[in-house]
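For reference, the structure discussed in these notes is given below.
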Number of protein chains: 4
Amino acid sequence: MMKRTLSAALVFGSLSFAASASEAVVVSKAITEAEVTAAQQAWCAALVDISATHDRDGQEAAKALAGDVIDAAYGYQMGVVLFKPTLTVVPQTFRPTREGALAYFVGGDPAFPNDTGFALKGWTDCSIANNAVFITGDSATTMGNVSITAKDGSVTTVDKTWQFVKDDAGALRIVLHHSSLPYTAQ
Amino acid sequence: MMKRTLSAALVFGSLSFAASASEAVVVSKAITEAEVTAAQQAWCAALVDISATHDRDGQEAAKALAGDVIDAAYGYQMGVVLFKPTLTVVPQTFRPTREGALAYFVGGDPAFPNDTGFALKGWTDCSIANNAVFITGDSATTMGNVSITAKDGSVTTVDKTWQFVKDDAGALRIVLHHSSLPYTAQ
Amino acid sequence: MMKRTLSAALVFGSLSFAASASEAVVVSKAITEAEVTAAQQAWCAALVDISATHDRDGQEAAKALAGDVIDAAYGYQMGVVLFKPTLTVVPQTFRPTREGALAYFVGGDPAFPNDTGFALKGWTDCSIANNAVFITGDSATTMGNVSITAKDGSVTTVDKTWQFVKDDAGALRIVLHHSSLPYTAQ
Amino acid sequence: MMKRTLSAALVFGSLSFAASASEAVVVSKAITEAEVTAAQQAWCAALVDISATHDRDGQEAAKALAGDVIDAAYGYQMGVVLFKPTLTVVPQTFRPTREGALAYFVGGDPAFPNDTGFALKGWTDCSIANNAVFITGDSATTMGNVSITAKDGSVTTVDKTWQFVKDDAGALRIVLHHSSLPYTAQ
C-alpha cells in the first residue's frame, strides 16, 4: 500500500503547523481490518469455486484450481502453515505442508488415505461471522464461525481461527488455520 | 530483554572490522522460541495448580487463583482475547471477555450456566507437543496437541492453537486460544 | 484502538455473504499514518510549550515539564532510546538514557557539561515536512525536515528521523530520534 | 529461518513434561541481533568493494556493482527508502528513490548534479560501533558511529541510523538510513 499525501495546515493546541508544498511518500505494511475481511471472503469464494469447478470440469480441474488457491492464499512458501482442518484424524491431524493441504481439499492422494476431498462436496455458499479480530500490526488473527451450505440447502457451521500475514507483494497469506466442529456433549 | 554486548573484532570477506571499546545496548521485543515454550509450560503448570488448589482449598481459592492466572497470562486488558475453549457451546462458544474465561475455568457463574469448571476436574499432569510454531516477530502462534491427565490416569488430548504477544513488561500474553476435541467420524 | 463493527451483507464475486447479527470486536495494535502525524505534532507542541514555560516560569518549571514530556512521549522505560540530538558532541553524542535526554532539553546537569538547554531557547513555532513515512506494522519511521522558529523570526531547519512504537496503552512512543543540521560544503 | 527441534523432557515446577517423539517445525520472521550485525558489516564490505572496483575497473563497473548492492541490501522495491545520505544538500537532501541512491553512491547522473560519487572515493576500510540497537520484532533499528578509512589513512566518522526489515526470502533490507557529520560548534 503506497500513497502520496499532501501536508495540510493543522492546528494542534495553540500552534499552527504550516502547510507544506512537499509530498510525503507513505508506505505501510500494517494490516487493516478491511484487508482481513477481504481475505476471509476470498477464502469462502475459493471454496465454492472449487466445488463448482469439480461439478463442471471434474477432479483434475478442481485439483489444479485448489493448488492455485493454496499457492495464492496460504503461506507454505514461508516454511510452514499451522493448519488443522475440520475433519482430519490422527496421525495426520495437522497439515504443515502444501501436499497435506491439497490432499485435504481435493483428496486422491494415496499418502493421505483418509482424505476424500473437503472442497469437492458441492458447497454452494459460504459466509463468515467473526467473533473477534486481533491485529498485532504485521499479522491479524480472526476467530468466529464459518457456515457453508450444501446443495440440499443444509448448513454446516464450524468454529474457525485464521492468522494472516502480509507478504512482500502486499497480499495477505494464511499462516494459521484451525477449524473444528462445535462441541456437543456426549 | 535487554543486554549489553561488547563488539568484537570480526572478519567479513577480506575486511577486518576493528574491535570497539564501546558497548551497545540491545533491546529486543522480538519473541523467541524459548519464550514461547516457557509460556506454554506455564499454562500447563497453572492448570494443574488450579486443580490442586481446588482439591486442597476449595472452589473460592481455585477461583481466586484462576483469576490471577488469567490476569497474568492472557491479554484481556488489551481489549479482547480470541478464546474458543474445548467444551463451550452455542451461544457462548467464544469467550472474548475475562468474565467468560473465568466462568469456563472455575464455573459457578449464573451468566454462564453450562460451565462446570474445566480447571477443577482434578488434572494431575499436562504436556504439550507442538506441531508447528510461527513467530512473526511481535507475535508467536503455536499449533499442536495438549494432553492432560486425570486422577484415574486417563489422558485427554486436544488440538490447540495459541497466539502470544509480548507486553510492555516483556511478558508473553495469550491473545488467541482455540481448543477442540479431535474429530471422530460419526 | 477498539471498536465494534456490525457485519453487513457483502457481495464477493458471484457469492453473497449473509448479514450477521453478531458483532465482532476488533482490536488493532497497528500504527496508522494519522497516529504518526499526531505524535509528531505533539513533539512540536511540547518543544514550544517548554520554551514558553521557561520564559514565563523559569528553568525549574521548564525542567519539570520536559521530564513529563520525555516520560510520556519517549520510550526510555522500554530499556533504551536511540537518540542523537542535533547539537551534541563526542563523547556524549548519543543519549540512550532519560538523564541524557533531559540534560539536552533543559541543561543544568553537571554530568553533561556541554548542554545548554535546547528547548529553552525561546522557540515560538515548529512545523514538520515529512519526506517519507514507513510503517512496518508495529512501528513507524519518519524522515524529513523539522523547522523551528526563534523569537526574532529566524527559522532553523534540521533533517530528522523518528521511530515510534505503540505501547500497551495505545500511545505512540519515540524509540529513535536522529536530528542533524543540513550538510554544507566546507 | 527454519529449523526442526525435538521436544525434550522438561521439568517445570513440580510438573514433568513428557518427551515427545514429534518434531515441531519452527519458523521465525523475528530479527536477531546477529542478523543485524551481519547486515551492517555487509554494508561496510560493499562500500569498500565499490571503491576497489572503481579503482580497478572504472566507473561503469562500480556503477553496476552499486546497483546490485542497492537492489540486494535496500528496500526500494517495497515502495520507498527513508534515505538521508551524509553529504546531500537541498533540494535533493532525501533520496526516496533507487535512482537517487545510485546517483549518491557513484555520481554521473545529470539529474543529481551535486553528486560526485561517495562510494568512489577510495575507501579502504569501514567499521561500525553501535551505540544502541532496538529490535521491535519485525524491524530493527541501530544508531551509532560508522568510521571509514581513506587511502591516505585518514578516518572519517559519521553518526548513522539504520532500520532493517526482513523480506519474504529472509534477507534484511535497509528501509531507513540517516547519516550525518558530527556537529561542531561554529
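Chain labels follow the order of the C-alpha cells: the first chain is A, the next B, and so on; residue numbering restarts at 1 in every chain, and ligands are counted from 1 in their shown order.
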
Interface, chain A side, toward chain C (6 Å; only C-alpha atoms) as a list in words
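Here they are: Phe17, Ala24, Val25, Val26, Val27, Ser28, Lys29, Ala30, Ser127, Asn130, Asn131, Ala132, Val133, Phe134, Ile135, Thr136, Gly137 and Asp138 of chain A.
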
Which residues come within 10 Å of Ser51 (chain D), counting only C-alpha atoms, excluding same-chain residues fewer than 5 positions away, as a PyMOL selection string?
chain D and resi 46+56-59+62+66+105-106+117-124

Residue set, region 48-149 of chain D restricted to alpha helix (DSSP H), as a ChimeraX atom specification:
/D:48-57,59-73,98-106

Now that the selection is made, can you save its residues with N, CA, C and O atoms as a short mmCIF file (atom, residue, chain, number, x, y, z; two decimals), in the first residue's frame?
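Result file again_4.cif:
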```cif
data_model
loop_
_atom_site.label_atom_id
_atom_site.label_comp_id
_atom_site.auth_asym_id
_atom_site.auth_seq_id
_atom_site.Cartn_x
_atom_site.Cartn_y
_atom_site.Cartn_z
N VAL D 48 33.50 -0.68 0.62
CA VAL D 48 34.91 -0.87 0.26
C VAL D 48 35.04 -1.57 -1.08
O VAL D 48 35.91 -1.25 -1.90
N ASP D 49 34.13 -2.51 -1.33
CA ASP D 49 34.17 -3.25 -2.59
C ASP D 49 33.90 -2.34 -3.78
O ASP D 49 34.54 -2.45 -4.84
N ILE D 50 32.94 -1.42 -3.63
CA ILE D 50 32.65 -0.49 -4.74
C ILE D 50 33.85 0.40 -5.01
O ILE D 50 34.22 0.65 -6.16
N SER D 51 34.50 0.88 -3.95
CA SER D 51 35.70 1.70 -4.13
C SER D 51 36.80 0.92 -4.86
O SER D 51 37.43 1.43 -5.78
N ALA D 52 37.00 -0.32 -4.44
CA ALA D 52 38.05 -1.13 -5.06
C ALA D 52 37.73 -1.43 -6.52
O ALA D 52 38.61 -1.41 -7.39
N THR D 53 36.45 -1.69 -6.78
CA THR D 53 36.03 -1.97 -8.16
C THR D 53 36.24 -0.75 -9.03
O THR D 53 36.67 -0.85 -10.19
N HIS D 54 35.96 0.43 -8.48
CA HIS D 54 36.17 1.67 -9.21
C HIS D 54 37.64 1.84 -9.59
O HIS D 54 37.98 2.17 -10.73
N ASP D 55 38.50 1.62 -8.62
CA ASP D 55 39.93 1.78 -8.87
C ASP D 55 40.43 0.78 -9.92
O ASP D 55 41.26 1.12 -10.77
N ARG D 56 39.90 -0.42 -9.84
CA ARG D 56 40.42 -1.50 -10.69
C ARG D 56 39.75 -1.50 -12.06
O ARG D 56 40.41 -1.69 -13.08
N ASP D 57 38.43 -1.26 -12.10
CA ASP D 57 37.68 -1.50 -13.34
C ASP D 57 36.94 -0.28 -13.87
O ASP D 57 36.29 -0.37 -14.91
N GLN D 59 34.43 3.47 -13.59
CA GLN D 59 33.15 3.94 -13.06
C GLN D 59 31.98 3.07 -13.47
O GLN D 59 31.06 2.84 -12.68
N GLU D 60 31.98 2.58 -14.70
CA GLU D 60 30.84 1.77 -15.14
C GLU D 60 30.72 0.50 -14.33
O GLU D 60 29.62 0.09 -13.95
N ALA D 61 31.87 -0.15 -14.08
CA ALA D 61 31.85 -1.37 -13.28
C ALA D 61 31.40 -1.07 -11.85
O ALA D 61 30.63 -1.83 -11.25
N ALA D 62 31.87 0.05 -11.32
CA ALA D 62 31.46 0.44 -9.96
C ALA D 62 29.97 0.73 -9.91
O ALA D 62 29.28 0.37 -8.95
N LYS D 63 29.47 1.36 -10.96
CA LYS D 63 28.04 1.68 -11.00
C LYS D 63 27.19 0.41 -11.06
O LYS D 63 26.15 0.30 -10.39
N ALA D 64 27.64 -0.56 -11.85
CA ALA D 64 26.90 -1.82 -11.94
C ALA D 64 26.88 -2.52 -10.59
O ALA D 64 25.83 -3.02 -10.14
N LEU D 65 28.01 -2.55 -9.93
CA LEU D 65 28.07 -3.18 -8.60
C LEU D 65 27.19 -2.43 -7.60
O LEU D 65 26.45 -3.04 -6.83
N ALA D 66 27.26 -1.11 -7.63
CA ALA D 66 26.45 -0.32 -6.70
C ALA D 66 24.96 -0.59 -6.91
O ALA D 66 24.19 -0.68 -5.95
N GLY D 67 24.57 -0.73 -8.15
CA GLY D 67 23.16 -1.05 -8.44
C GLY D 67 22.78 -2.40 -7.85
O GLY D 67 21.70 -2.55 -7.25
N ASP D 68 23.68 -3.36 -7.99
CA ASP D 68 23.40 -4.68 -7.41
C ASP D 68 23.30 -4.60 -5.88
O ASP D 68 22.44 -5.24 -5.27
N VAL D 69 24.19 -3.82 -5.29
CA VAL D 69 24.18 -3.68 -3.83
C VAL D 69 22.87 -3.04 -3.38
O VAL D 69 22.22 -3.50 -2.43
N ILE D 70 22.46 -1.98 -4.06
CA ILE D 70 21.20 -1.32 -3.70
C ILE D 70 20.03 -2.29 -3.82
O ILE D 70 19.18 -2.38 -2.94
N ASP D 71 20.01 -3.05 -4.91
CA ASP D 71 18.89 -3.97 -5.12
C ASP D 71 18.87 -5.09 -4.07
O ASP D 71 17.80 -5.59 -3.72
N ALA D 72 20.04 -5.46 -3.58
CA ALA D 72 20.10 -6.57 -2.62
C ALA D 72 19.95 -6.11 -1.18
O ALA D 72 19.42 -6.85 -0.35
N ALA D 73 20.44 -4.92 -0.88
CA ALA D 73 20.55 -4.53 0.53
C ALA D 73 19.55 -3.46 0.97
O ALA D 73 19.30 -3.31 2.17
N ARG D 98 15.41 4.70 -5.81
CA ARG D 98 16.63 3.96 -6.15
C ARG D 98 17.57 4.83 -7.00
O ARG D 98 18.79 4.82 -6.82
N GLU D 99 17.00 5.59 -7.92
CA GLU D 99 17.78 6.46 -8.80
C GLU D 99 18.62 7.45 -7.97
O GLU D 99 19.80 7.69 -8.25
N GLY D 100 17.98 8.01 -6.95
CA GLY D 100 18.69 8.98 -6.12
C GLY D 100 19.77 8.34 -5.27
O GLY D 100 20.81 8.96 -4.98
N ALA D 101 19.55 7.11 -4.85
CA ALA D 101 20.58 6.41 -4.08
C ALA D 101 21.78 6.07 -4.96
O ALA D 101 22.94 6.27 -4.57
N LEU D 102 21.50 5.58 -6.16
CA LEU D 102 22.59 5.21 -7.05
C LEU D 102 23.43 6.43 -7.42
O LEU D 102 24.67 6.38 -7.43
N ALA D 103 22.76 7.55 -7.68
CA ALA D 103 23.48 8.78 -8.01
C ALA D 103 24.39 9.18 -6.85
O ALA D 103 25.54 9.60 -7.05
N TYR D 104 23.90 9.06 -5.63
CA TYR D 104 24.73 9.43 -4.49
C TYR D 104 25.97 8.57 -4.40
O TYR D 104 27.08 9.06 -4.15
N PHE D 105 25.81 7.28 -4.61
CA PHE D 105 26.96 6.38 -4.42
C PHE D 105 28.00 6.48 -5.54
O PHE D 105 29.19 6.38 -5.28
N VAL D 106 27.54 6.67 -6.79
CA VAL D 106 28.52 6.62 -7.89
C VAL D 106 28.52 7.86 -8.79
O VAL D 106 29.33 7.94 -9.73
#
```

Mind checking which residues fall within 7 Å of Lys84 (chain C), counting only C-alpha atoms, ignoring those fewer than 6 positions away in the same chain, and posting them as a list in words?
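So the residues in contact are Thr93, Phe94, Arg95, His177, His178 and Ser179 of chain C.
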
Show which residues sit within 12 Å of Ala185 (chain D), as a list in words. Count only C-alpha atoms, and ignore same-chain residues fewer than 3 positions away.
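These residues fall inside the cut-off: Thr86, Leu87, Thr88, Val89, Val90, Asn114 and Leu181 of chain C; Pro182 of chain D.
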
In Å to one decimal, how far is CA of Trp43 (chain D) from CA of Gly108 (chain D)?
21.7 Å

Enumerate as a PyMOL selection string all residues of region 57-117 of chain B assigned to strand (DSSP E or B) by DSSP on the backbone, naming them with the chain letters and numbers the document uses.
chain B and resi 74+82-84

Residue subset to file, keeping all heavy atoms, as a compact mmCIF listing (two decimals), in the first residue's frame:
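Below is the file out_27.txt, written as the result:
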```txt
# COMPACT_ATOMS: atom_id res chain seq x y z
N TYR B 74 -3.17 -14.07 30.14
CA TYR B 74 -3.99 -13.72 28.98
C TYR B 74 -3.92 -12.20 28.74
O TYR B 74 -3.38 -11.48 29.57
CB TYR B 74 -5.45 -14.17 29.20
CG TYR B 74 -5.63 -15.67 29.03
CD1 TYR B 74 -5.28 -16.56 30.04
CD2 TYR B 74 -6.15 -16.21 27.85
CE1 TYR B 74 -5.43 -17.94 29.88
CE2 TYR B 74 -6.32 -17.58 27.68
CZ TYR B 74 -5.95 -18.44 28.71
OH TYR B 74 -6.10 -19.80 28.54
N LEU B 82 -9.24 -13.80 21.76
CA LEU B 82 -9.94 -14.71 20.88
C LEU B 82 -9.86 -16.09 21.51
O LEU B 82 -8.86 -16.79 21.36
CB LEU B 82 -9.31 -14.70 19.47
CG LEU B 82 -9.57 -13.46 18.59
CD1 LEU B 82 -9.03 -12.19 19.20
CD2 LEU B 82 -8.99 -13.65 17.19
N PHE B 83 -10.89 -16.50 22.24
CA PHE B 83 -10.84 -17.71 23.07
C PHE B 83 -12.01 -18.62 22.72
O PHE B 83 -13.17 -18.26 22.92
CB PHE B 83 -10.87 -17.30 24.55
CG PHE B 83 -10.64 -18.43 25.53
CD1 PHE B 83 -10.16 -19.68 25.14
CD2 PHE B 83 -10.90 -18.23 26.89
CE1 PHE B 83 -9.94 -20.70 26.07
CE2 PHE B 83 -10.69 -19.24 27.82
CZ PHE B 83 -10.21 -20.48 27.41
N LYS B 84 -11.71 -19.79 22.21
CA LYS B 84 -12.70 -20.84 21.98
C LYS B 84 -12.25 -22.03 22.80
O LYS B 84 -11.40 -22.82 22.39
CB LYS B 84 -12.74 -21.22 20.49
CG LYS B 84 -14.07 -21.80 20.01
CD LYS B 84 -14.46 -23.13 20.61
CE LYS B 84 -13.68 -24.28 20.02
NZ LYS B 84 -14.04 -25.58 20.70
```

One number please: CA of Gln92 (chain A) to CA of Glu35 (chain B), in Å, one decimal.
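Between CA of Gln92 (chain A) and CA of Glu35 (chain B) the gap works out to 27.4 Å.
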
Mind pulling up the distance from CA of Leu47 (chain D) to CA of Val175 (chain C)?
28.0 Å

Of the listed residues A:Ser180, A:Val155, A:Ala111, A:Asp168, that which approaches Gly75 (chain D) most closely, counting only C-alpha atoms
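Using only C-alpha atoms, the shortest distance to Gly75 (chain D) belongs to A:Asp168.
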